[in-house]
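A.B. asks: So I've got this file, start-v4.cif, and it contains mmCIF, C-alpha atoms and all ligand atoms:
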data_entry
#
loop_
_atom_site.label_atom_id
_atom_site.label_comp_id
_atom_site.auth_asym_id
_atom_site.auth_seq_id
_atom_site.Cartn_x
_atom_site.Cartn_y
_atom_site.Cartn_z
CA MET A 1 5.96 23.26 31.37
CA LYS A 2 8.51 22.61 28.67
CA LYS A 3 9.56 19.40 30.46
CA LEU A 4 5.94 18.35 30.88
CA PHE A 5 5.33 18.94 27.19
CA SER A 6 8.40 16.94 26.22
CA THR A 7 7.31 14.08 28.52
CA PHE A 8 3.91 14.18 26.85
CA VAL A 9 5.51 14.10 23.39
CA SER A 10 7.83 11.18 24.35
CA CYS A 11 4.90 9.25 25.77
CA PHE A 12 2.89 9.94 22.66
CA ILE A 13 5.71 8.71 20.42
CA LEU A 14 6.25 5.63 22.59
CA CYS A 15 2.55 4.83 22.67
CA ALA A 16 2.23 5.40 18.93
CA SER A 17 5.24 3.19 18.33
CA ALA A 18 3.88 0.39 20.50
CA ALA A 19 0.56 0.59 18.68
CA SER A 20 2.05 0.51 15.23
CA GLY A 21 4.82 -2.04 15.31
CA PHE A 22 7.91 -0.42 13.96
CA ALA A 23 6.33 2.54 12.20
CA ALA A 24 8.53 4.97 14.12
CA GLU A 25 11.82 3.13 13.60
CA LYS A 26 11.12 2.30 9.96
CA PRO A 27 13.52 -0.66 9.95
CA ASN A 28 15.57 -1.23 6.83
CA ILE A 29 14.62 -4.31 4.83
CA ILE A 30 17.14 -6.27 2.78
CA PHE A 31 15.76 -9.16 0.72
CA ILE A 32 18.51 -11.26 -0.85
CA MET A 33 17.20 -13.76 -3.38
CA VAL A 34 19.74 -15.88 -5.22
CA ASP A 35 18.92 -17.59 -8.49
CA ASP A 36 18.36 -21.36 -8.91
CA ALA A 37 20.14 -22.54 -5.74
CA GLY A 38 18.37 -25.52 -4.20
CA ILE A 39 17.53 -25.95 -0.55
CA GLY A 40 20.01 -28.86 -0.41
CA ASP A 41 22.89 -26.55 -1.32
CA PHE A 42 22.87 -24.95 2.12
CA GLU A 43 24.61 -26.38 5.18
CA ASN A 44 21.89 -25.35 7.61
CA TYR A 45 19.32 -27.30 5.54
CA GLY A 46 21.43 -30.45 5.60
CA GLY A 47 23.65 -29.70 2.57
CA LYS A 48 26.83 -31.75 2.66
CA HIS A 49 28.79 -30.58 -0.35
CA LEU A 50 28.97 -26.79 -0.51
CA SER A 51 30.42 -24.20 1.81
CA THR A 52 27.66 -21.82 2.91
CA PRO A 53 28.76 -20.63 6.37
CA ILE A 54 26.98 -17.31 6.13
CA MET A 55 23.46 -18.71 5.78
CA LYS A 56 24.30 -21.08 8.62
CA LYS A 57 25.52 -18.17 10.77
CA MET A 58 22.43 -16.11 9.89
CA ALA A 59 20.24 -19.01 11.02
CA ALA A 60 22.24 -19.25 14.26
CA GLU A 61 21.86 -15.52 14.85
CA GLY A 62 18.27 -15.35 13.62
CA MET A 63 15.46 -17.61 12.42
CA GLN A 64 15.40 -20.53 10.00
CA PHE A 65 12.08 -21.30 8.30
CA ASN A 66 11.54 -24.99 7.53
CA ASN A 67 8.28 -24.67 5.58
CA ALA A 68 9.15 -21.80 3.27
CA TYR A 69 8.22 -21.63 -0.40
CA SER A 70 9.52 -19.66 -3.34
CA GLY A 71 7.06 -17.55 -5.29
CA ASN A 72 7.06 -20.22 -8.00
CA ALA A 73 9.35 -22.77 -9.65
CA VAL A 74 10.99 -20.50 -12.24
CA CYS A 75 12.48 -17.00 -12.33
CA ALA A 76 9.88 -14.50 -13.61
CA PRO A 77 6.77 -16.01 -11.99
CA THR A 78 8.60 -16.05 -8.64
CA ARG A 79 9.63 -12.43 -9.07
CA CYS A 80 6.09 -11.46 -10.02
CA THR A 81 4.62 -13.10 -6.91
CA LEU A 82 7.32 -11.64 -4.66
CA MET A 83 6.92 -8.10 -5.97
CA THR A 84 3.10 -8.00 -6.19
CA GLY A 85 2.28 -10.00 -3.04
CA LYS A 86 -0.20 -12.06 -5.08
CA HIS A 87 -0.22 -15.81 -5.48
CA PRO A 88 0.63 -17.49 -8.79
CA GLY A 89 -3.03 -17.87 -9.81
CA HIS A 90 -3.57 -14.11 -9.61
CA VAL A 91 -0.46 -12.69 -11.31
CA ILE A 92 0.31 -11.83 -14.92
CA ARG A 93 3.51 -13.92 -15.10
CA ARG A 94 2.66 -17.61 -14.71
CA ALA A 95 5.56 -18.79 -16.90
CA ASN A 96 8.69 -17.12 -18.18
CA GLN A 97 6.99 -16.98 -21.61
CA SER A 98 3.30 -16.75 -22.57
CA ASN A 99 1.02 -17.05 -25.61
CA LYS A 100 1.75 -13.35 -26.15
CA GLY A 101 5.52 -13.35 -25.57
CA LEU A 102 7.17 -11.59 -22.64
CA LEU A 103 4.58 -9.95 -20.42
CA PRO A 104 5.68 -6.82 -18.55
CA LEU A 105 4.07 -5.78 -15.28
CA ALA A 106 1.13 -3.55 -16.12
CA ALA A 107 1.35 0.15 -15.30
CA ARG A 108 0.37 1.04 -11.74
CA THR A 109 0.59 -2.55 -10.45
CA PRO A 110 1.39 -2.05 -6.76
CA THR A 111 4.64 -3.68 -5.62
CA VAL A 112 6.56 -4.08 -2.38
CA ALA A 113 8.87 -1.34 -3.62
CA SER A 114 6.12 1.15 -4.50
CA MET A 115 4.47 0.50 -1.13
CA LEU A 116 7.72 1.12 0.74
CA LYS A 117 8.62 4.15 -1.38
CA LYS A 118 5.29 5.70 -0.43
CA ALA A 119 6.14 4.99 3.20
CA GLY A 120 9.34 7.05 2.86
CA TYR A 121 11.86 4.36 2.01
CA ALA A 122 14.75 4.62 -0.41
CA THR A 123 14.37 1.66 -2.77
CA GLY A 124 17.09 -0.11 -4.72
CA GLY A 125 17.25 -3.34 -6.73
CA PHE A 126 20.39 -5.17 -7.84
CA GLY A 127 20.64 -8.12 -10.20
CA LYS A 128 17.88 -9.62 -12.34
CA TRP A 129 14.53 -7.83 -12.60
CA GLY A 130 12.76 -9.97 -15.24
CA LEU A 131 9.36 -8.21 -15.14
CA GLY A 132 9.73 -5.72 -17.97
CA ASN A 133 12.43 -4.66 -20.41
CA PRO A 134 13.39 -1.01 -21.04
CA GLY A 135 10.63 0.85 -22.87
CA THR A 136 7.81 -1.26 -21.40
CA THR A 137 5.31 -0.59 -18.60
CA GLY A 138 7.18 -3.14 -16.48
CA VAL A 139 10.48 -1.37 -15.79
CA PRO A 140 11.44 -1.29 -12.10
CA GLU A 141 11.69 2.49 -11.90
CA LYS A 142 7.96 2.63 -12.77
CA HIS A 143 7.22 0.15 -9.98
CA GLY A 144 8.70 1.87 -6.97
CA PHE A 145 12.45 1.50 -7.42
CA ASP A 146 14.54 4.66 -7.17
CA LEU A 147 17.41 2.65 -8.57
CA TRP A 148 17.81 -0.61 -10.45
CA TYR A 149 21.24 -1.85 -11.46
CA GLY A 150 21.85 -5.09 -13.34
CA TYR A 151 19.73 -6.95 -15.88
CA TYR A 152 16.18 -6.18 -17.00
CA ASP A 153 15.92 -9.04 -19.49
CA GLN A 154 16.20 -12.62 -18.27
CA LYS A 155 18.14 -13.80 -21.30
CA HIS A 156 20.63 -10.96 -20.88
CA ALA A 157 21.10 -12.22 -17.31
CA HIS A 158 22.46 -15.55 -18.57
CA ASP A 159 25.65 -13.70 -19.57
CA TYR A 160 28.13 -12.95 -16.77
CA TYR A 161 30.44 -11.05 -19.16
CA PRO A 162 27.98 -8.91 -21.20
CA GLU A 163 29.06 -5.75 -22.97
CA TYR A 164 26.67 -3.74 -20.80
CA LEU A 165 24.40 -3.74 -17.77
CA VAL A 166 21.35 -1.54 -17.26
CA LYS A 167 20.76 1.19 -14.70
CA ASN A 168 17.32 2.78 -14.63
CA SER A 169 16.75 1.72 -18.26
CA GLU A 170 20.07 3.22 -19.44
CA ARG A 171 22.92 1.13 -20.79
CA ILE A 172 26.04 1.07 -18.65
CA GLU A 173 28.89 -0.01 -20.90
CA LEU A 174 31.36 -2.58 -19.60
CA PRO A 175 34.50 -1.89 -21.65
CA GLY A 176 36.29 -4.87 -20.11
CA ASN A 177 33.87 -7.22 -21.87
CA LYS A 178 34.02 -5.76 -25.39
CA LYS A 179 34.73 -8.04 -28.33
CA GLY A 180 34.32 -11.20 -26.28
CA ALA A 181 36.77 -10.17 -23.54
CA LYS A 182 36.03 -11.40 -20.03
CA GLY A 183 37.32 -8.55 -17.91
CA GLN A 184 34.27 -7.61 -15.81
CA TYR A 185 32.38 -10.42 -14.04
CA THR A 186 28.98 -8.91 -13.44
CA HIS A 187 28.28 -10.38 -10.03
CA TYR A 188 31.29 -8.52 -8.61
CA LEU A 189 29.81 -5.27 -10.00
CA ILE A 190 26.28 -6.04 -8.79
CA GLU A 191 27.45 -6.90 -5.28
CA ALA A 192 29.50 -3.69 -5.14
CA GLU A 193 26.47 -1.61 -6.19
CA THR A 194 24.35 -3.37 -3.53
CA LEU A 195 26.86 -2.40 -0.83
CA LYS A 196 27.09 1.14 -2.19
CA PHE A 197 23.31 1.59 -2.03
CA ILE A 198 23.29 0.46 1.62
CA GLU A 199 26.10 2.88 2.43
CA ASP A 200 24.50 5.77 0.52
CA ASN A 201 21.22 5.31 2.41
CA LYS A 202 22.54 4.51 5.88
CA ASP A 203 20.89 7.61 7.36
CA ARG A 204 17.38 6.91 6.07
CA PRO A 205 15.11 3.88 5.85
CA PHE A 206 15.78 1.74 2.81
CA PHE A 207 14.52 -1.35 1.00
CA CYS A 208 17.26 -3.26 -0.78
CA TYR A 209 16.22 -6.09 -3.09
CA ALA A 210 19.32 -8.09 -4.01
CA ALA A 211 18.09 -10.29 -6.87
CA TRP A 212 21.54 -11.75 -7.38
CA THR A 213 22.01 -14.01 -10.42
CA PRO A 214 24.43 -16.78 -9.29
CA PRO A 215 24.28 -19.75 -9.46
CA HIS A 216 21.98 -19.54 -12.52
CA GLY A 217 23.63 -20.59 -15.79
CA GLN A 218 25.80 -19.85 -17.56
CA TYR A 219 27.92 -21.57 -14.99
CA VAL A 220 30.98 -19.34 -15.05
CA ILE A 221 33.12 -17.78 -12.35
CA PRO A 222 36.59 -16.23 -12.64
CA GLN A 223 39.21 -18.95 -12.35
CA ASP A 224 41.07 -17.07 -9.62
CA ASP A 225 38.00 -16.58 -7.42
CA PRO A 226 38.83 -18.03 -3.97
CA ASN A 227 35.35 -19.61 -3.78
CA LEU A 228 36.12 -21.72 -6.84
CA GLN A 229 39.46 -22.76 -5.36
CA LEU A 230 37.56 -24.39 -2.47
CA TYR A 231 36.44 -27.13 -4.85
CA LYS A 232 39.49 -27.60 -7.07
CA ASP A 233 40.22 -31.13 -5.81
CA LYS A 234 36.62 -32.38 -5.87
CA PRO A 235 35.81 -35.26 -8.26
CA TRP A 236 33.27 -33.15 -10.14
CA ASN A 237 33.21 -31.86 -13.68
CA GLN A 238 34.10 -28.19 -14.23
CA THR A 239 30.44 -27.10 -14.53
CA VAL A 240 29.63 -28.55 -11.11
CA LYS A 241 32.76 -26.96 -9.62
CA ASN A 242 31.80 -23.61 -11.12
CA TYR A 243 28.26 -23.93 -9.74
CA ALA A 244 29.66 -24.75 -6.30
CA GLY A 245 31.99 -21.76 -6.47
CA MET A 246 29.09 -19.49 -7.46
CA VAL A 247 26.98 -20.63 -4.49
CA SER A 248 29.87 -19.99 -2.10
CA LEU A 249 30.63 -16.65 -3.76
CA LEU A 250 27.12 -15.35 -3.18
CA ASP A 251 27.06 -16.72 0.36
CA GLN A 252 30.25 -14.78 1.11
CA GLY A 253 28.60 -11.74 -0.49
CA VAL A 254 25.74 -11.96 2.00
CA GLY A 255 28.45 -11.93 4.67
CA ARG A 256 29.80 -8.70 3.22
CA VAL A 257 26.30 -7.18 3.39
CA LEU A 258 26.06 -8.12 7.08
CA ASP A 259 29.56 -6.71 7.74
CA LYS A 260 28.53 -3.47 6.04
CA LEU A 261 25.49 -3.12 8.30
CA LYS A 262 27.71 -3.55 11.38
CA GLU A 263 30.29 -1.11 10.05
CA LEU A 264 27.57 1.50 9.47
CA GLY A 265 25.98 0.89 12.89
CA ILE A 266 22.58 -0.03 11.41
CA ASP A 267 22.69 -3.76 12.10
CA ASP A 268 20.00 -3.67 14.82
CA ASN A 269 17.54 -1.74 12.71
CA THR A 270 17.75 -3.96 9.64
CA LEU A 271 15.77 -7.09 8.80
CA VAL A 272 17.77 -9.26 6.38
CA ILE A 273 16.18 -12.19 4.56
CA TYR A 274 18.26 -14.64 2.49
CA THR A 275 16.50 -17.08 0.15
CA SER A 276 16.45 -18.56 -3.38
CA ASP A 277 14.02 -17.97 -6.23
CA ASN A 278 13.30 -21.61 -7.17
CA GLY A 279 14.62 -25.14 -6.85
CA ALA A 280 17.82 -26.55 -8.27
CA ASN A 281 18.59 -27.68 -11.80
CA GLY A 282 18.94 -31.34 -12.80
CA PRO A 283 22.74 -31.71 -13.10
CA PHE A 284 23.26 -30.37 -9.58
CA ILE A 285 20.47 -32.45 -8.09
CA LYS A 286 22.39 -35.45 -9.41
CA ALA A 287 25.90 -34.33 -8.46
CA LEU A 288 25.27 -32.42 -5.23
CA ASN A 289 21.79 -33.43 -4.03
CA SER A 290 20.89 -29.77 -4.48
CA ASN A 291 17.17 -30.46 -4.00
CA GLY A 292 17.84 -31.98 -0.57
CA GLY A 293 16.27 -35.29 -1.57
CA LEU A 294 12.92 -33.71 -2.44
CA LYS A 295 11.01 -34.63 -5.60
CA GLY A 296 11.79 -32.63 -8.73
CA GLY A 297 13.63 -29.38 -9.14
CA LYS A 298 13.36 -26.13 -11.05
CA ARG A 299 10.15 -25.99 -13.19
CA SER A 300 8.34 -28.56 -11.02
CA LEU A 301 5.60 -27.89 -8.51
CA TYR A 302 6.69 -30.90 -6.53
CA GLU A 303 8.60 -29.85 -3.43
CA GLY A 304 12.04 -29.79 -5.07
CA GLY A 305 10.95 -26.94 -7.32
CA ILE A 306 9.43 -24.63 -4.75
CA ARG A 307 10.66 -25.46 -1.24
CA ALA A 308 13.04 -22.64 -0.40
CA PRO A 309 15.87 -21.95 1.96
CA PHE A 310 14.66 -18.95 3.97
CA VAL A 311 16.47 -17.37 6.91
CA ALA A 312 15.83 -14.04 8.60
CA ARG A 313 18.13 -12.02 10.84
CA TRP A 314 17.19 -8.95 12.85
CA PRO A 315 19.36 -8.53 15.96
CA GLY A 316 17.46 -7.68 19.12
CA LYS A 317 14.10 -8.58 17.53
CA ILE A 318 14.49 -12.20 16.38
CA LYS A 319 15.63 -14.60 19.07
CA PRO A 320 18.91 -16.17 17.91
CA GLY A 321 18.90 -19.78 16.78
CA THR A 322 15.13 -20.07 16.33
CA GLN A 323 13.56 -22.60 13.96
CA SER A 324 10.06 -22.00 12.63
CA ASP A 325 7.67 -24.45 10.96
CA LEU A 326 5.26 -21.68 9.95
CA LEU A 327 4.07 -21.94 6.35
CA VAL A 328 5.57 -18.90 4.60
CA GLY A 329 6.19 -17.85 1.03
CA HIS A 330 7.88 -15.12 -0.94
CA LEU A 331 4.45 -13.56 -1.48
CA ASP A 332 4.46 -12.72 2.25
CA LEU A 333 7.19 -10.10 2.01
CA MET A 334 4.68 -7.37 1.15
CA ALA A 335 2.29 -8.22 4.01
CA THR A 336 5.15 -8.52 6.48
CA ALA A 337 6.68 -5.17 5.49
CA ALA A 338 3.24 -3.54 5.71
CA ASP A 339 2.71 -5.04 9.16
CA MET A 340 6.07 -3.69 10.33
CA LEU A 341 5.00 -0.18 9.33
CA ASP A 342 1.33 -0.47 10.29
CA ILE A 343 0.23 0.29 6.74
CA LYS A 344 -2.18 -1.58 4.52
CA ALA A 345 -0.69 -3.97 1.98
CA PRO A 346 -2.17 -3.36 -1.48
CA ALA A 347 -2.52 -7.13 -2.11
CA LYS A 348 -4.28 -9.64 0.13
CA ASP A 349 -2.84 -13.07 -0.77
CA GLY A 350 0.21 -12.77 1.47
CA ALA A 351 0.23 -13.07 5.26
CA SER A 352 2.53 -11.24 7.65
CA PHE A 353 5.06 -13.45 9.44
CA LEU A 354 6.15 -10.55 11.68
CA PRO A 355 4.57 -12.11 14.81
CA THR A 356 6.67 -15.25 14.28
CA LEU A 357 9.83 -13.17 13.81
CA LEU A 358 9.08 -11.50 17.14
CA GLY A 359 8.49 -14.82 18.92
CA LYS A 360 4.69 -14.55 19.08
CA GLU A 361 2.22 -17.31 18.28
CA GLN A 362 0.37 -17.07 14.97
CA SER A 363 -1.68 -19.40 12.84
CA GLY A 364 -0.46 -18.26 9.42
CA HIS A 365 -1.73 -19.37 6.02
CA GLU A 366 -4.52 -21.90 5.71
CA PHE A 367 -2.84 -22.93 2.45
CA LEU A 368 -0.34 -21.86 -0.21
CA TYR A 369 -1.46 -22.16 -3.84
CA PHE A 370 0.73 -22.43 -6.95
CA GLU A 371 0.21 -22.79 -10.67
CA LEU A 372 2.75 -22.78 -13.47
CA TYR A 373 2.68 -23.07 -17.27
CA GLU A 374 6.36 -23.87 -17.81
CA GLY A 375 6.59 -26.70 -20.32
CA LYS A 376 3.36 -28.14 -18.95
CA PHE A 377 0.51 -26.86 -16.78
CA GLN A 378 0.77 -27.72 -13.09
CA GLN A 379 -1.16 -26.76 -9.98
CA CYS A 380 -0.37 -27.57 -6.38
CA LEU A 381 -1.63 -26.76 -2.93
CA ARG A 382 0.16 -27.01 0.41
CA MET A 383 -2.29 -27.16 3.29
CA GLY A 384 -1.07 -28.21 6.73
CA LYS A 385 0.75 -31.50 6.26
CA TRP A 386 -1.00 -32.16 2.96
CA LYS A 387 0.19 -31.53 -0.55
CA ALA A 388 -2.07 -31.85 -3.60
CA TYR A 389 -0.75 -31.79 -7.18
CA ARG A 390 -2.35 -32.09 -10.60
CA ARG A 391 -1.68 -31.25 -14.23
CA GLY A 392 -5.17 -30.56 -15.56
CA LEU A 393 -8.00 -28.46 -14.13
CA LYS A 394 -10.36 -31.43 -14.20
CA ASP A 395 -7.84 -34.14 -13.38
CA PRO A 396 -7.95 -35.92 -10.01
CA ALA A 397 -5.29 -34.54 -7.68
CA GLU A 398 -2.42 -36.58 -6.30
CA LEU A 399 -2.16 -36.35 -2.52
CA TYR A 400 0.91 -36.60 -0.31
CA ASP A 401 1.39 -36.42 3.45
CA LEU A 402 4.54 -34.33 3.80
CA SER A 403 4.85 -35.10 7.52
CA THR A 404 5.63 -38.74 6.76
CA ASP A 405 6.57 -38.53 3.08
CA PRO A 406 8.42 -35.24 2.42
CA ALA A 407 9.77 -36.60 -0.89
CA GLU A 408 6.23 -37.20 -2.26
CA THR A 409 6.79 -40.87 -3.09
CA LYS A 410 3.34 -42.26 -2.20
CA ASN A 411 0.18 -40.85 -3.72
CA ILE A 412 -2.43 -41.58 -1.04
CA ALA A 413 -5.39 -39.81 -2.68
CA GLU A 414 -7.52 -42.97 -2.63
CA GLN A 415 -7.21 -43.29 1.16
CA HIS A 416 -8.33 -39.69 1.83
CA PRO A 417 -11.17 -38.79 -0.56
CA GLU A 418 -12.54 -36.03 1.68
CA VAL A 419 -9.15 -34.25 1.92
CA VAL A 420 -8.70 -34.56 -1.84
CA LYS A 421 -12.19 -33.20 -2.49
CA GLN A 422 -11.57 -30.15 -0.31
CA MET A 423 -8.16 -29.49 -1.84
CA GLU A 424 -9.47 -29.89 -5.40
CA GLN A 425 -12.14 -27.32 -4.65
CA ILE A 426 -9.45 -24.86 -3.53
CA LEU A 427 -7.28 -25.65 -6.58
CA THR A 428 -10.27 -24.87 -8.82
CA ARG A 429 -11.23 -21.72 -6.91
CA GLU A 430 -7.75 -20.17 -6.69
CA HIS A 431 -7.04 -20.54 -10.41
CA THR A 432 -8.20 -17.50 -12.33
CA PRO A 433 -8.34 -17.79 -16.12
CA SER A 434 -5.83 -15.74 -18.13
CA PRO A 435 -5.86 -15.10 -21.88
CA ASN A 436 -2.07 -15.32 -21.84
CA TYR A 437 -1.88 -19.06 -21.19
CA THR A 438 -3.63 -22.22 -22.38
CA THR A 439 -5.07 -24.21 -19.48
CA PRO A 440 -5.75 -27.91 -20.10
CA ASP A 441 -8.65 -29.74 -18.45
CA HIS A 442 -6.56 -32.88 -18.50
CA ALA A 443 -2.81 -33.48 -18.45
CA SER A 444 -3.13 -35.70 -21.55
CA SER A 445 -4.82 -32.90 -23.53
CA GLY A 446 -2.31 -30.25 -22.43
CA LYS A 447 -0.72 -28.39 -25.30
CA LYS A 448 3.00 -28.04 -24.74
CA GLN A 449 3.62 -24.56 -23.30
CA LYS A 450 6.54 -22.53 -24.54
CA ARG A 451 9.51 -23.01 -22.30
CA LYS A 452 12.35 -20.65 -21.73
CA LYS A 453 14.85 -20.22 -18.93
CA CA B 501 15.67 -18.84 -11.03
#
Go ahead and render the structure in this file as structure tokens.
Ligand SMILES: [Ca+2]
C.D. replies:
Amino acid sequence: MKKLFSTFVSCFILCASAASGFAAEKPNIIFIMVDDAGIGDFENYGGKHLSTPIMKKMAAEGMQFNNAYSGNAVCAPTRCTLMTGKHPGHVIRRANQSNKGLLPLAARTPTVASMLKKAGYATGGFGKWGLGNPGTTGVPEKHGFDLWYGYYDQKHAHDYYPEYLVKNSERIELPGNKKGAKGQYTHYLIEAETLKFIEDNKDRPFFCYAAWTPPHGQYVIPQDDPNLQLYKDKPWNQTVKNYAGMVSLLDQGVGRVLDKLKELGIDDNTLVIYTSDNGANGPFIKALNSNGGLKGGKRSLYEGGIRAPFVARWPGKIKPGTQSDLLVGHLDLMATAADMLDIKAPAKDGASFLPTLLGKEQSGHEFLYFELYEGKFQQCLRMGKWKAYRRGLKDPAELYDLSTDPAETKNIAEQHPEVVKQMEQILTREHTPSPNYTTPDHASSGKKQKRKK
């Protein structure tokens, strides 16, 4: 009888597990998002100048997405979209600044972290938060994170040798950096805390959001770092060499995360995603082709600002060496995590890419929508092979066919009026007015928006 009962229980668990994805296993999720690296910086996306063997290895062992998009084209709006699972026309942060200054996440805004915490996950974030400074409604520990270590304020995050970092809204003094000393390079500390969190939570499900700050400026890296030494003989100025060293440093750090998972024996039950928060900055587009030949870079809603490197590794679940052309974005993390656990995502703009990870057919997004008020207002829409772009709500949209013109060199709106009409309707519909930003009807009437890194 006892055996019968146990068989019944096993069957029940198996059946329940099959019906609900991975609800029984509760796989760990590690989302590593580096800051300002362009898609052209990475070897597996055709990068020729920088050493990024870990992303390449992850792609060989997992899946590389070739139509992936960042949440937006600058730091805070990307983070807002990623965390809330809502597209850029529905979130509070549509620029780093606003008409009302820094906007924290409102109290009780559901996030990926709060969703996973409710599902029994330990939740930790490491690096740059950017969605609310200490004392505001936006702090990460009020949005599902058990632990946040690093920077809350974006400006603070420009400094790699600050006198302090922040842990759950408390100052953590860095005595090695007092009075202008440069004794404690923060990325080393942030990477170490990331690894510690993984180790501390190896026996329970966890969500680790590594919002690492390299290679965002300031462009500094310790002179004795072996990743900088890789580029010592290159004919580049010191800023470019430092940038290159920072990209390689964080790539090696991802390797240390993967090694840690193997060492702890939790490699097979952990989905790791490695991506960047927005496109590359101008000097590196020029020196290193960091935007991979796409149009524009950081702050632009042309492809160079939002097309993201995006690889996923999950041994035993993702078939090694797979390439996917599915349209995906950072906003999909919430829907995908919810799908894994058979729970309901609190936001509806994202779409789960779990079927694709598991080798199943899926149709995915009909379109991805973006808007941004950084310097100037921009809207864009990716729909199938088409890309529409405009700078005023009532301006005619430019149209590009990315299948033949990935660098958006030829505006072919006049040849496809019906496509343009349909895409303009979606651009108008997906934009929701916000009192925090000034939206121009026409690019020429657009008031200059406040710009800040
Ligand atoms: Ca960024």
A.B. asks: Produce as a list in words the set of residues near ligand CA 501 (chain B), where near means within 7 Å with only C-alpha atoms and all ligand atoms considered.
C.D. replies: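 Written in the requested form, the residues are Asp35, Asp36, Val74, Cys75, His216, Asp277 and Asn278 of chain A.
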A.B. asks: Just want the 10 Å neighbourhood of A:Ser363, counted on only C-alpha atoms, with same-chain residues fewer than 3 positions away dropped. Output as a list of chain:residue names.
C.D. replies: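 Near neighbours after the sequence-gap exclusion: A:Leu326, A:Leu327, A:Phe353, A:Pro355, A:Thr356, A:Glu366.
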A.B. asks: Have a look at A:Pro88, A:Gly127, A:Pro104, A:Gly255 and name the one nearest to A:Thr52; count only C-alpha atoms.
C.D. replies: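 Under the stated criterion, the closest residue is A:Gly255.
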A.B. asks: Determine, for each residue of stretch 39-103 of chain A having at least one atom at most 8 Å from an atom of stretch 283-288 of chain A, the closest pair of atoms and their separation in Å to one decimal, counting all atoms listed in the file; order by chain and ascending number, as a tab-separated table.
C.D. replies:
residue	atom	partner	partner_atom	distance
A:Gly40	CA	A:Leu288	CA	8.0
A:Asp41	CA	A:Leu288	CA	7.4
A:His49	CA	A:Leu288	CA	6.3
A.B. asks: From the options A:Lys86, A:Gln97, A:Phe207, A:Gly253, which residue's atoms come nearest to A:Leu372, counting only C-alpha atoms?
C.D. replies: A:Gln97
A.B. asks: In file coordinates, which residues lie within 9 Å of (6.8, -10.5, 13.3) using all atoms listed in the file, given as a ChimeraX atom specification?
C.D. replies: /A:21,317-318,336,339-340,352-360
A.B. asks: Please dump the current selection as a compact mmCIF listing (two decimals), keeping the file's coordinate frame; keep C-alpha atoms.
C.D. replies:
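Saved file result-v1.txt follows:
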# COMPACT_ATOMS: atom_id res chain seq x y z
CA GLY A 21 4.82 -2.04 15.31
CA LYS A 317 14.10 -8.58 17.53
CA ILE A 318 14.49 -12.20 16.38
CA THR A 336 5.15 -8.52 6.48
CA ASP A 339 2.71 -5.04 9.16
CA MET A 340 6.07 -3.69 10.33
CA SER A 352 2.53 -11.24 7.65
CA PHE A 353 5.06 -13.45 9.44
CA LEU A 354 6.15 -10.55 11.68
CA PRO A 355 4.57 -12.11 14.81
CA THR A 356 6.67 -15.25 14.28
CA LEU A 357 9.83 -13.17 13.81
CA LEU A 358 9.08 -11.50 17.14
CA GLY A 359 8.49 -14.82 18.92
CA LYS A 360 4.69 -14.55 19.08
A.B. asks: For A:Thr439, find every residue with an atom within 12 Å (counting only C-alpha atoms), except residues of its own chain fewer than 5 positions away, and show them as an NGL selection string.
C.D. replies: :A and (89 or 94 or 98-99 or 371-379 or 391-395 or 428 or 431-434 or 444-449)
A.B. asks: If you count only C-alpha atoms, which residues fall within 8 Å of A:Trp314, apart from same-chain ones fewer than 5 positions away, as a PyMOL selection string?
C.D. replies: chain A and resi 62+267-272
